[in-house]
Amino acid sequence: MKKFKRYVRLFFSRTFWVLLFLLIELLFILGLQIFFRYIFDFYISKIENYNIHFIVSSAYLVTKIIVLVIEVLVYFKMVNKTGDPEFKIPWITTLLLLPIFASIMYLIFANHGLRKKDQKIVDATRGMYDKYFIPTEAEEKQFENDLGNAIGTFNYLNSVTHLGIHKNNKVTYYKNGEAFFPAFLEGLKKAKEFIFIEFFIIDDGIEWVNTLKILKEKAKEGLDIRLIYDDMGCVSTISEDTDVMLRNLGIKCYKFHPFKPLLSGIYNNRDHRKIVVIDHQMGFTGGINLADEYANEITRFGYWKDTMVKIEGSGIQNLIATFLQNYNLASGEIDPHEEFLQYDKYETYENEGYVMPFGDGPGGIDDALIGEQNYINILNYAKKSVYISTPYLIPTYQLTDAIRRAALRKVDVHLILPGIPDKKMVYKVALANCKFLLDAGVKIHIYKPGFNHMKSMIADGELAFVGTVNLDFRSLVHHFECGTILYKNQCMKEIEDDFKEMISVCEDMPLDFRLRGLNRFFCAIIRVFSSLL
């Protein structure tokens, strides 16, 4: 009876109907391919009337010429498009195997940058907040003196995101959801002016109920509350009309890229960010979603390991600008939000280092893969040790090579992967990438307690990243992401100790590890198309 009820709920769920419509569209496109190439050829040969045969054959020949021209144009568009060969080779391979199907899919999905109208909103929003992040000459000189070899990492992000570098901010590190959620809820209770919330996933469970209760109270008090969530990320976790319900409560809520059952590349560009800002007093960011498994209230894949940081000080301004950019995209309106960016009374905390929260987007927003290059910059900075945690390991070649080069420079490189994965196929592909890293001297550890969802890195115990960017193509290329880099903050020892504590409960991957048999064959095929995953 329980199974029957589960199937009934599945049948009436949005997830079922979304997948059904997408499947129908894919079958239709594949059907066209089969029809033109096989069935039509067969029936032409059966027509005996010369005139009809001539007309049909001529129409078919014209159709094939048009299709051929489209395929050639798509091919040259692929070859001439600026970008990495990693993205071109899978498309060219698919074009050779299934020309019509690949041509249509390429035109829909190949552009991993922003839509034109979205780019206009991003450019307009950035144009309005740029002036708040221009450093003085004295500040630039201080950055160079204080940051040393880390200045390149910060300058790169400053150049591509147009956000600021901030000194003397207090940073609190939360090594799991059990530590983060009480601090998050307590922060919401203290709010007096505004609350900004952005999550990839909101799940209708204990943590959402607790959050919603506070938001209702704060809305009644007249606070400016803004909330955005990714519609695809929440397609099976909350009610479809959650945004309507929240707006009725006085909360300005928008779905990010609301889903419609139509094939579109826009659904690759998901809002994977996690940002909370409260009253210019505190900002949270990291890998934790608003869902019970992140607090280990429920068990899905063993122990769920993830991290967040709280920032107090002027670095909050970066989080505000990053949030408002996506808020404008979700609302479809260009609002300067001057009142939030003009604030200049942030607390300063002595003996703290530097922070720089930032956002990334499809194609890097600036035709730069910001998340990828940030990881590479931190790896290049390392001279002694690097600790990395990622739930998914399908990196670009450049990032893979940077990890290898760090190990070959005799940097002590540690990479932690899940012991209980949430996506088995993706995990197999991740394991297929391990041999290349092991051969260079990278130490790979399998987190036995469960699923490490954290996306963090620390180099030499002094330059760190905590954020949302996975080491896979979806995060590095397609998604809207965020995070913060930290330099010589007081929480550095906590971050490195957290990595060492994780490794103490890990199983080390043997140096001679390799996939065998069908798994190896299967992953070899999948890896050809890994940049499309």
# chains A, B, ... in the order shown; residues from 1 in each chain; ligands from 1
>>> residues_around(residues="stretch 316-318 of chain A", least_positions_apart="3", cutoff="10 Å", atoms="only C-alpha atoms", output="JSON, numbers by chain")
{"A": [129, 132, 133, 161, 162, 163, 164, 165, 166, 169, 276, 277, 278, 279, 280, 281, 282, 283, 284, 310, 311, 312, 313, 321, 322, 323, 324, 340, 341, 342, 343, 344, 346, 355, 356, 357, 358, 359, 484]}
>>> atom_distance(atom1="atom CA of A:Asp292", atom2="atom CA of A:Cys234")
13.6 Å
>>> closest_atom_pairs(of="stretch 213-330 of chain A", to="stretch 451-473 of chain A", cutoff="8 Å", atoms="only C-alpha atoms", output="JSON lines")
{"residue": "A:His272", "atom": "CA", "partner": "A:Thr468", "partner_atom": "CA", "distance": 6.9}
{"residue": "A:Arg273", "atom": "CA", "partner": "A:Thr468", "partner_atom": "CA", "distance": 6.3}
{"residue": "A:Lys274", "atom": "CA", "partner": "A:Thr468", "partner_atom": "CA", "distance": 7.2}
{"residue": "A:Thr285", "atom": "CA", "partner": "A:Gly467", "partner_atom": "CA", "distance": 6.5}
{"residue": "A:Gly286", "atom": "CA", "partner": "A:Gly467", "partner_atom": "CA", "distance": 4.1}
{"residue": "A:Gly287", "atom": "CA", "partner": "A:Thr468", "partner_atom": "CA", "distance": 4.8}
{"residue": "A:Phe301", "atom": "CA", "partner": "A:Phe451", "partner_atom": "CA", "distance": 5.8}
{"residue": "A:Gly302", "atom": "CA", "partner": "A:Phe451", "partner_atom": "CA", "distance": 6.3}
{"residue": "A:Tyr303", "atom": "CA", "partner": "A:Phe451", "partner_atom": "CA", "distance": 6.1}
{"residue": "A:Trp304", "atom": "CA", "partner": "A:Phe451", "partner_atom": "CA", "distance": 5.1}
{"residue": "A:Lys305", "atom": "CA", "partner": "A:Asn452", "partner_atom": "CA", "distance": 4.5}
{"residue": "A:Asp306", "atom": "CA", "partner": "A:Met454", "partner_atom": "CA", "distance": 4.3}
{"residue": "A:Thr307", "atom": "CA", "partner": "A:Met454", "partner_atom": "CA", "distance": 5.8}
{"residue": "A:Met308", "atom": "CA", "partner": "A:Val466", "partner_atom": "CA", "distance": 7.1}
{"residue": "A:Val309", "atom": "CA", "partner": "A:Val466", "partner_atom": "CA", "distance": 7.4}
>>> write_last_selection(atoms="C-alpha atoms", output="PDB file, in the first residue's frame")
ATOM      1  CA  HIS A 272      23.440  27.357  -7.361  1.00  0.00           C
ATOM      2  CA  ARG A 273      24.307  30.192  -4.960  1.00  0.00           C
ATOM      3  CA  LYS A 274      23.749  30.248  -1.197  1.00  0.00           C
ATOM      4  CA  THR A 285      27.732  31.978   2.252  1.00  0.00           C
ATOM      5  CA  GLY A 286      29.007  28.475   1.564  1.00  0.00           C
ATOM      6  CA  GLY A 287      27.693  25.124   0.370  1.00  0.00           C
ATOM      7  CA  PHE A 301      23.693   9.398   2.118  1.00  0.00           C
ATOM      8  CA  GLY A 302      25.220   8.778   5.502  1.00  0.00           C
ATOM      9  CA  TYR A 303      26.560  11.809   7.354  1.00  0.00           C
ATOM     10  CA  TRP A 304      26.119  14.989   5.277  1.00  0.00           C
ATOM     11  CA  LYS A 305      29.225  17.135   5.552  1.00  0.00           C
ATOM     12  CA  ASP A 306      29.129  20.764   4.411  1.00  0.00           C
ATOM     13  CA  THR A 307      30.389  24.191   5.453  1.00  0.00           C
ATOM     14  CA  MET A 308      29.444  27.881   5.651  1.00  0.00           C
ATOM     15  CA  VAL A 309      31.102  31.095   6.754  1.00  0.00           C
TER      16      VAL A 309
END
>>> select_by_dssp(residues="stretch 155-354 of chain A", states="alpha helix (DSSP H)", output="ChimeraX atom specification")
/A:155-161,177-190,206-220,242-248,316-331,338-341
>>> closest_residue(among="A:Lys500, A:Ile334, A:Asn377, A:Ser159", to="A:Asp123", atoms="only C-alpha atoms")
A:Ile334
>>> closest_residue(among="A:Glu221, A:Glu144, A:Asp231, A:Asp401", to="A:Ile251", atoms="only C-alpha atoms")
A:Glu221
>>> closest_residue(among="A:Tyr427, A:Asn374, A:Val442, A:Val244", to="A:Ile403", atoms="only C-alpha atoms")
A:Val442
>>> atom_distance(atom1="atom CA of A:Ile298", atom2="atom CA of A:Leu431")
27.0 Å
>>> decode(residues="stretch 379-392 of chain A", atoms="all heavy atoms", output="mmCIF file, in the first residue's frame")
data_model
loop_
_atom_site.group_PDB
_atom_site.id
_atom_site.type_symbol
_atom_site.label_atom_id
_atom_site.label_comp_id
_atom_site.auth_asym_id
_atom_site.auth_seq_id
_atom_site.Cartn_x
_atom_site.Cartn_y
_atom_site.Cartn_z
ATOM 1 N N LEU A 379 45.804 27.093 -6.199
ATOM 2 C CA LEU A 379 46.745 25.976 -6.366
ATOM 3 C C LEU A 379 48.136 26.494 -6.728
ATOM 4 O O LEU A 379 49.146 25.989 -6.222
ATOM 5 C CB LEU A 379 46.234 25.028 -7.456
ATOM 6 C CG LEU A 379 45.067 24.122 -7.059
ATOM 7 C CD1 LEU A 379 44.345 23.597 -8.293
ATOM 8 C CD2 LEU A 379 45.560 22.960 -6.200
ATOM 9 N N ASN A 380 48.199 27.495 -7.591
ATOM 10 C CA ASN A 380 49.499 28.050 -7.985
ATOM 11 C C ASN A 380 50.178 28.792 -6.835
ATOM 12 O O ASN A 380 51.413 28.920 -6.816
ATOM 13 C CB ASN A 380 49.326 29.000 -9.177
ATOM 14 C CG ASN A 380 48.971 28.258 -10.459
ATOM 15 O OD1 ASN A 380 49.173 27.047 -10.557
ATOM 16 N ND2 ASN A 380 48.433 28.966 -11.433
ATOM 17 N N TYR A 381 49.389 29.292 -5.901
ATOM 18 C CA TYR A 381 49.934 30.003 -4.740
ATOM 19 C C TYR A 381 50.655 29.041 -3.792
ATOM 20 O O TYR A 381 51.640 29.413 -3.139
ATOM 21 C CB TYR A 381 48.796 30.703 -3.997
ATOM 22 C CG TYR A 381 49.194 31.325 -2.681
ATOM 23 C CD1 TYR A 381 49.735 32.609 -2.632
ATOM 24 C CD2 TYR A 381 49.045 30.631 -1.480
ATOM 25 C CE1 TYR A 381 50.103 33.184 -1.431
ATOM 26 C CE2 TYR A 381 49.407 31.196 -0.268
ATOM 27 C CZ TYR A 381 49.943 32.472 -0.245
ATOM 28 O OH TYR A 381 50.315 33.029 0.951
ATOM 29 N N ALA A 382 50.167 27.799 -3.723
ATOM 30 C CA ALA A 382 50.633 26.843 -2.715
ATOM 31 C C ALA A 382 52.104 26.477 -2.889
ATOM 32 O O ALA A 382 52.573 26.243 -3.999
ATOM 33 C CB ALA A 382 49.776 25.580 -2.768
ATOM 34 N N LYS A 383 52.805 26.430 -1.775
ATOM 35 C CA LYS A 383 54.192 25.983 -1.764
ATOM 36 C C LYS A 383 54.382 24.754 -0.863
ATOM 37 O O LYS A 383 55.320 23.984 -1.051
ATOM 38 C CB LYS A 383 55.103 27.108 -1.261
ATOM 39 C CG LYS A 383 55.203 28.299 -2.199
ATOM 40 C CD LYS A 383 56.156 29.343 -1.639
ATOM 41 C CE LYS A 383 56.340 30.521 -2.616
ATOM 42 N NZ LYS A 383 55.080 31.243 -2.839
ATOM 43 N N LYS A 384 53.491 24.589 0.125
ATOM 44 C CA LYS A 384 53.660 23.491 1.085
ATOM 45 C C LYS A 384 52.517 22.476 1.012
ATOM 46 O O LYS A 384 52.747 21.276 0.874
ATOM 47 C CB LYS A 384 53.752 24.049 2.508
ATOM 48 C CG LYS A 384 54.922 24.996 2.724
ATOM 49 C CD LYS A 384 54.874 25.599 4.132
ATOM 50 C CE LYS A 384 55.994 26.603 4.338
ATOM 51 N NZ LYS A 384 55.897 27.253 5.688
ATOM 52 N N SER A 385 51.272 22.968 1.131
ATOM 53 C CA SER A 385 50.153 22.022 1.214
ATOM 54 C C SER A 385 48.883 22.610 0.609
ATOM 55 O O SER A 385 48.693 23.830 0.606
ATOM 56 C CB SER A 385 49.879 21.648 2.681
ATOM 57 O OG SER A 385 49.445 22.800 3.412
ATOM 58 N N VAL A 386 48.039 21.723 0.105
ATOM 59 C CA VAL A 386 46.716 22.094 -0.395
ATOM 60 C C VAL A 386 45.734 21.010 0.035
ATOM 61 O O VAL A 386 45.998 19.815 -0.144
ATOM 62 C CB VAL A 386 46.668 22.225 -1.933
ATOM 63 C CG1 VAL A 386 45.229 22.460 -2.401
ATOM 64 C CG2 VAL A 386 47.545 23.353 -2.412
ATOM 65 N N TYR A 387 44.615 21.431 0.609
ATOM 66 C CA TYR A 387 43.528 20.517 0.946
ATOM 67 C C TYR A 387 42.304 20.924 0.116
ATOM 68 O O TYR A 387 41.941 22.103 0.077
ATOM 69 C CB TYR A 387 43.183 20.592 2.434
ATOM 70 C CG TYR A 387 44.283 20.080 3.346
ATOM 71 C CD1 TYR A 387 45.281 20.938 3.814
ATOM 72 C CD2 TYR A 387 44.315 18.744 3.738
ATOM 73 C CE1 TYR A 387 46.288 20.472 4.643
ATOM 74 C CE2 TYR A 387 45.324 18.269 4.574
ATOM 75 C CZ TYR A 387 46.306 19.139 5.020
ATOM 76 O OH TYR A 387 47.305 18.673 5.844
ATOM 77 N N ILE A 388 41.689 19.946 -0.536
ATOM 78 C CA ILE A 388 40.531 20.204 -1.396
ATOM 79 C C ILE A 388 39.421 19.224 -1.041
ATOM 80 O O ILE A 388 39.673 18.032 -0.840
ATOM 81 C CB ILE A 388 40.877 20.018 -2.890
ATOM 82 C CG1 ILE A 388 42.161 20.759 -3.263
ATOM 83 C CG2 ILE A 388 39.713 20.432 -3.778
ATOM 84 C CD1 ILE A 388 42.735 20.333 -4.612
ATOM 85 N N SER A 389 38.190 19.714 -0.990
ATOM 86 C CA SER A 389 37.028 18.838 -0.832
ATOM 87 C C SER A 389 36.027 19.164 -1.926
ATOM 88 O O SER A 389 35.725 20.338 -2.172
ATOM 89 C CB SER A 389 36.371 19.034 0.539
ATOM 90 O OG SER A 389 35.147 18.305 0.601
ATOM 91 N N THR A 390 35.519 18.142 -2.589
ATOM 92 C CA THR A 390 34.495 18.327 -3.611
ATOM 93 C C THR A 390 33.621 17.072 -3.683
ATOM 94 O O THR A 390 34.136 15.958 -3.566
ATOM 95 C CB THR A 390 35.112 18.607 -5.003
ATOM 96 O OG1 THR A 390 34.067 18.798 -5.959
ATOM 97 C CG2 THR A 390 35.998 17.467 -5.463
ATOM 98 N N PRO A 391 32.313 17.249 -3.861
ATOM 99 C CA PRO A 391 31.446 16.066 -4.008
ATOM 100 C C PRO A 391 31.519 15.451 -5.395
ATOM 101 O O PRO A 391 31.210 14.278 -5.576
ATOM 102 C CB PRO A 391 30.053 16.627 -3.722
ATOM 103 C CG PRO A 391 30.134 18.066 -4.067
ATOM 104 C CD PRO A 391 31.538 18.488 -3.782
ATOM 105 N N TYR A 392 31.928 16.251 -6.395
ATOM 106 C CA TYR A 392 31.966 15.780 -7.778
ATOM 107 C C TYR A 392 33.318 16.141 -8.384
ATOM 108 O O TYR A 392 33.819 17.252 -8.199
ATOM 109 C CB TYR A 392 30.845 16.427 -8.608
ATOM 110 C CG TYR A 392 29.504 16.392 -7.921
ATOM 111 C CD1 TYR A 392 28.878 17.571 -7.520
ATOM 112 C CD2 TYR A 392 28.880 15.178 -7.628
ATOM 113 C CE1 TYR A 392 27.658 17.550 -6.867
ATOM 114 C CE2 TYR A 392 27.653 15.142 -6.961
ATOM 115 C CZ TYR A 392 27.054 16.337 -6.584
ATOM 116 O OH TYR A 392 25.857 16.308 -5.923
#
